[in-house]
Amino acid sequence: MTAIRTENLCKTYGGGMNRNETAAVRMLNLEVREGEIFGFLGPNGAGKTSTIHLLLNLLRPTSGAAYLFEQPITDPKIHQRLGYLPESVNLHDYYNGRGLLHFYAALSGVPVSAREARITELLKLMNLEAAADKRVSKYSKGMAQRLGFAQALLHNPDLLILDEPTASLDPVGRKEFRDVLVELKGQGKTIFISSHILSEVESICDRVAILQNGELKRVGTLAELSAGKGAKLSVKSLPPPVQEALMATTAEVTFAGGQITIHCPTEALRQTVETLLRQNQVEIIRQENEAQSLEEIFFSTITPPPKLS
Ligand SMILES: Nc1ncnc2c1ncn2[C@@H]1O[C@H](COP(=O)(O)OP(=O)(O)OP(=O)(O)O)[C@@H](O)[C@H]1O
Ligand SMILES: [Mg+2]
């Protein structure tokens, strides 16, 4: 089953009398599978938060439709399976951390008998035990973010929608957060996460989508999106005639640490080099395909904004 599905989803802000329209989401067709961690990427203003607000039914689409677990997003029952962490966490700051979670636990229907244990468990998971009795107004940004995440998890939702969840966290907090997401995925949860931190997305996401100007540019696993940067072949020795033949190609030969590596920038060249080596009885001791990093995929996907003059 799909956890999220959109059909030609569009959102245009403004218009009407002032004609000042912004098409934030354009004909978006997206499918997020149950149980995956899905990264939602795109430059500032790409339409990520607008899409998330549409999925949460906080915004009405201009046209198109969206479904959570195959139910229309307008069905309030489906919201019980959803946890959400917004881009900027605004919490009632006259509570202390534990009190605030009790307030939200009551709102989200956690049974009274289960509340204390659930809240203690989440405070521990979010490393907030020491701050549990401190007023939220005294929390740092990162602490507020952690408390916001605990709040999103209170009712044990099946789907988590997180809008730039680690923006305020320190490096230790980010690592802990990634570990929590992987643990939640292990429990069968689906996680939809928008982020500008590509290394983070690369390390935890099963699939990613890249959005620009409200349009879906690419979607898939890293392996699917990687254009491939060719391959590296390692050999023990290279007879001079083979070296000469290689110099006539665009393959690059490096000698380092007693190892000879032939870097072939394209698949066609890899095949040619492999044939050449085999014909000359040169043993290939290792072959590695070189995939693009998410950063390389991202920059090759988005068109740069016009330069300011
Ligand atoms: N309430 C609004 N009224 C009018 N235009 C809006 C509104 N909210 C967003 N926009 C516009 O819609 C477009 C998409 O904005 P959105 O906030 O969805 O982008 P984003 O991908 O979340 O960006 P960021 O990475 O900066 O958070 C932008 O051009 C933005 O100016
Ligand atoms: Mg945003």
# chains A, B, ... in the order shown; residues from 1 in each chain; ligands from 1
$ residues_near_ligand --ligand "ligand 2" --cutoff "12 Å" --atoms "only C-alpha atoms and all ligand atoms" --output "MDAnalysis selection string"
chainID A and resid 24 40:53 85:88 162:165 167 193:196 211 214
$ write_last_selection --atoms "C-alpha atoms" --output "mmCIF file, in the first residue's frame"
data_model
loop_
_atom_site.group_PDB
_atom_site.id
_atom_site.type_symbol
_atom_site.label_atom_id
_atom_site.label_comp_id
_atom_site.auth_asym_id
_atom_site.auth_seq_id
_atom_site.Cartn_x
_atom_site.Cartn_y
_atom_site.Cartn_z
ATOM 1 C CA ALA A 24 3.961 26.652 -5.556
ATOM 2 C CA PHE A 40 11.898 15.415 -0.059
ATOM 3 C CA LEU A 41 14.478 17.833 -1.439
ATOM 4 C CA GLY A 42 14.552 21.099 -3.289
ATOM 5 C CA PRO A 43 15.994 24.602 -3.069
ATOM 6 C CA ASN A 44 14.340 27.345 -0.973
ATOM 7 C CA GLY A 45 10.911 28.108 -2.358
ATOM 8 C CA ALA A 46 10.692 24.812 -4.284
ATOM 9 C CA GLY A 47 7.289 24.001 -2.774
ATOM 10 C CA LYS A 48 8.199 21.427 -0.089
ATOM 11 C CA THR A 49 6.336 23.045 2.805
ATOM 12 C CA SER A 50 3.367 23.843 0.552
ATOM 13 C CA THR A 51 3.192 20.161 -0.466
ATOM 14 C CA ILE A 52 3.407 19.109 3.189
ATOM 15 C CA HIS A 53 0.611 21.534 4.143
ATOM 16 C CA LEU A 85 6.798 18.133 12.931
ATOM 17 C CA PRO A 86 6.596 21.628 11.376
ATOM 18 C CA GLU A 87 9.451 23.691 9.965
ATOM 19 C CA SER A 88 9.301 26.119 12.907
ATOM 20 C CA LEU A 162 8.867 16.029 9.144
ATOM 21 C CA ASP A 163 9.657 19.425 7.638
ATOM 22 C CA GLU A 164 13.387 20.154 8.050
ATOM 23 C CA PRO A 165 13.469 18.396 11.417
ATOM 24 C CA ALA A 167 17.636 22.404 11.137
ATOM 25 C CA ILE A 193 11.318 14.108 5.570
ATOM 26 C CA SER A 194 12.159 17.386 3.899
ATOM 27 C CA SER A 195 15.716 18.547 4.409
ATOM 28 C CA HIS A 196 18.529 20.644 2.994
ATOM 29 C CA LEU A 211 11.455 19.406 -6.464
ATOM 30 C CA GLY A 214 6.890 23.257 -7.660
#
$ residues_around --residues "Glu290 of chain A" --least-positions-apart "6" --cutoff "10 Å" --atoms "only C-alpha atoms" --output "ChimeraX atom specification"
/A:226-232,263-265
$ write_last_selection --atoms "N, CA and C atoms" --output "PDB file, in the first residue's frame"
ATOM      1  N   SER A 226      21.548   7.981  -9.814  1.00  0.00           N
ATOM      2  CA  SER A 226      22.954   8.224 -10.137  1.00  0.00           C
ATOM      3  C   SER A 226      23.190   7.958 -11.622  1.00  0.00           C
ATOM      4  N   ALA A 227      23.803   8.947 -12.276  1.00  0.00           N
ATOM      5  CA  ALA A 227      24.083   8.779 -13.706  1.00  0.00           C
ATOM      6  C   ALA A 227      25.251   7.815 -13.888  1.00  0.00           C
ATOM      7  N   GLY A 228      25.945   7.499 -12.801  1.00  0.00           N
ATOM      8  CA  GLY A 228      27.107   6.620 -12.906  1.00  0.00           C
ATOM      9  C   GLY A 228      28.304   7.442 -13.344  1.00  0.00           C
ATOM     10  N   LYS A 229      29.398   7.243 -12.650  1.00  0.00           N
ATOM     11  CA  LYS A 229      30.582   8.019 -13.008  1.00  0.00           C
ATOM     12  C   LYS A 229      31.635   7.083 -13.584  1.00  0.00           C
ATOM     13  N   GLY A 230      31.188   5.949 -14.125  1.00  0.00           N
ATOM     14  CA  GLY A 230      32.131   4.999 -14.677  1.00  0.00           C
ATOM     15  C   GLY A 230      32.568   3.999 -13.634  1.00  0.00           C
ATOM     16  N   ALA A 231      33.787   3.472 -13.836  1.00  0.00           N
ATOM     17  CA  ALA A 231      34.244   2.407 -12.956  1.00  0.00           C
ATOM     18  C   ALA A 231      35.737   2.507 -12.735  1.00  0.00           C
ATOM     19  N   LYS A 232      36.191   1.857 -11.642  1.00  0.00           N
ATOM     20  CA  LYS A 232      37.634   1.795 -11.353  1.00  0.00           C
ATOM     21  C   LYS A 232      38.052   0.337 -11.439  1.00  0.00           C
ATOM     22  N   HIS A 263      40.893   4.382 -14.053  1.00  0.00           N
ATOM     23  CA  HIS A 263      39.574   4.999 -13.890  1.00  0.00           C
ATOM     24  C   HIS A 263      38.952   5.207 -15.268  1.00  0.00           C
ATOM     25  N   CYS A 264      37.797   4.592 -15.490  1.00  0.00           N
ATOM     26  CA  CYS A 264      37.113   4.708 -16.793  1.00  0.00           C
ATOM     27  C   CYS A 264      35.870   5.565 -16.597  1.00  0.00           C
ATOM     28  N   PRO A 265      35.818   6.753 -17.186  1.00  0.00           N
ATOM     29  CA  PRO A 265      34.683   7.650 -16.915  1.00  0.00           C
ATOM     30  C   PRO A 265      33.350   7.203 -17.520  1.00  0.00           C
TER      31      PRO A 265
END
$ closest_residue --among "A:Pro171, A:Tyr84, A:Glu183, A:Ile197" --to "Leu154 of chain A" --atoms "only C-alpha atoms"
A:Tyr84
$ select_by_dssp --residues "segment 34-96 of chain A" --states "alpha helix (DSSP H)" --output "list of chain:residue names"
A:Lys48, A:Thr49, A:Ser50, A:Thr51, A:Ile52, A:His53, A:Leu54, A:Leu55
$ write_last_selection --atoms "C-alpha atoms" --output "short mmCIF file (atom, residue, chain, number, x, y, z; two decimals), in the first residue's frame"
data_model
loop_
_atom_site.label_atom_id
_atom_site.label_comp_id
_atom_site.auth_asym_id
_atom_site.auth_seq_id
_atom_site.Cartn_x
_atom_site.Cartn_y
_atom_site.Cartn_z
CA LYS A 48 8.20 21.43 -0.09
CA THR A 49 6.34 23.05 2.81
CA SER A 50 3.37 23.84 0.55
CA THR A 51 3.19 20.16 -0.47
CA ILE A 52 3.41 19.11 3.19
CA HIS A 53 0.61 21.53 4.14
CA LEU A 54 -1.51 20.06 1.34
CA LEU A 55 -0.84 16.53 2.63
#
$ closest_residue --among "A:Leu58, A:Leu160, A:Ile302, A:Ile284" --to "Gln212 of chain A" --atoms "only C-alpha atoms"
A:Ile302
$ atom_distance --atom1 "atom CA of Ile262 of chain A" --atom2 "atom CA of Gln281 of chain A"
15.7 Å
$ select_by_dssp --residues "segment 101-296 of chain A" --states "strand (DSSP E)" --output "VMD selection string"
chain A and resid 159 to 163 190 to 194 207 to 212 215 to 220 231 to 235 252 to 256 259 to 264 284 to 289
$ atom_distance --atom1 "atom CA of Lys134 of chain A" --atom2 "atom CA of Phe149 of chain A"
17.2 Å
$ atom_distance --atom1 "atom CA of Asp75 of chain A" --atom2 "atom CA of Leu30 of chain A"
19.3 Å
$ closest_residue --among "A:Gly142, A:Gly220, A:Gly99, A:Gly14" --to "Ile37 of chain A" --atoms "only C-alpha atoms"
A:Gly220
$ residues_around --residues "Asp206 of chain A" --least-positions-apart "3" --cutoff "8 Å" --atoms "only C-alpha atoms" --output "PyMOL selection string"
chain A and resi 36-39+221-222
$ write_last_selection --atoms "N, CA and C atoms" --output "mmCIF file, in the first residue's frame"
data_model
loop_
_atom_site.group_PDB
_atom_site.id
_atom_site.type_symbol
_atom_site.label_atom_id
_atom_site.label_comp_id
_atom_site.auth_asym_id
_atom_site.auth_seq_id
_atom_site.Cartn_x
_atom_site.Cartn_y
_atom_site.Cartn_z
ATOM 1 N N GLU A 36 8.955 3.068 4.127
ATOM 2 C CA GLU A 36 10.221 3.639 3.658
ATOM 3 C C GLU A 36 10.498 5.004 4.304
ATOM 4 N N ILE A 37 11.780 5.375 4.277
ATOM 5 C CA ILE A 37 12.162 6.746 4.643
ATOM 6 C C ILE A 37 12.349 7.469 3.318
ATOM 7 N N PHE A 38 11.561 8.513 3.126
ATOM 8 C CA PHE A 38 11.518 9.196 1.835
ATOM 9 C C PHE A 38 12.014 10.626 2.013
ATOM 10 N N GLY A 39 13.036 10.995 1.287
ATOM 11 C CA GLY A 39 13.607 12.347 1.391
ATOM 12 C C GLY A 39 12.979 13.277 0.360
ATOM 13 N N THR A 221 15.650 5.767 -5.979
ATOM 14 C CA THR A 221 16.735 5.455 -5.046
ATOM 15 C C THR A 221 17.980 6.175 -5.549
ATOM 16 N N LEU A 222 18.979 6.264 -4.704
ATOM 17 C CA LEU A 222 20.223 6.920 -5.122
ATOM 18 C C LEU A 222 20.820 6.189 -6.315
#
$ closest_residue --among "A:Leu91, A:Ile210, A:Leu181, A:Val32" --to "ligand 1" --atoms "only C-alpha atoms and all ligand atoms"
A:Ile210
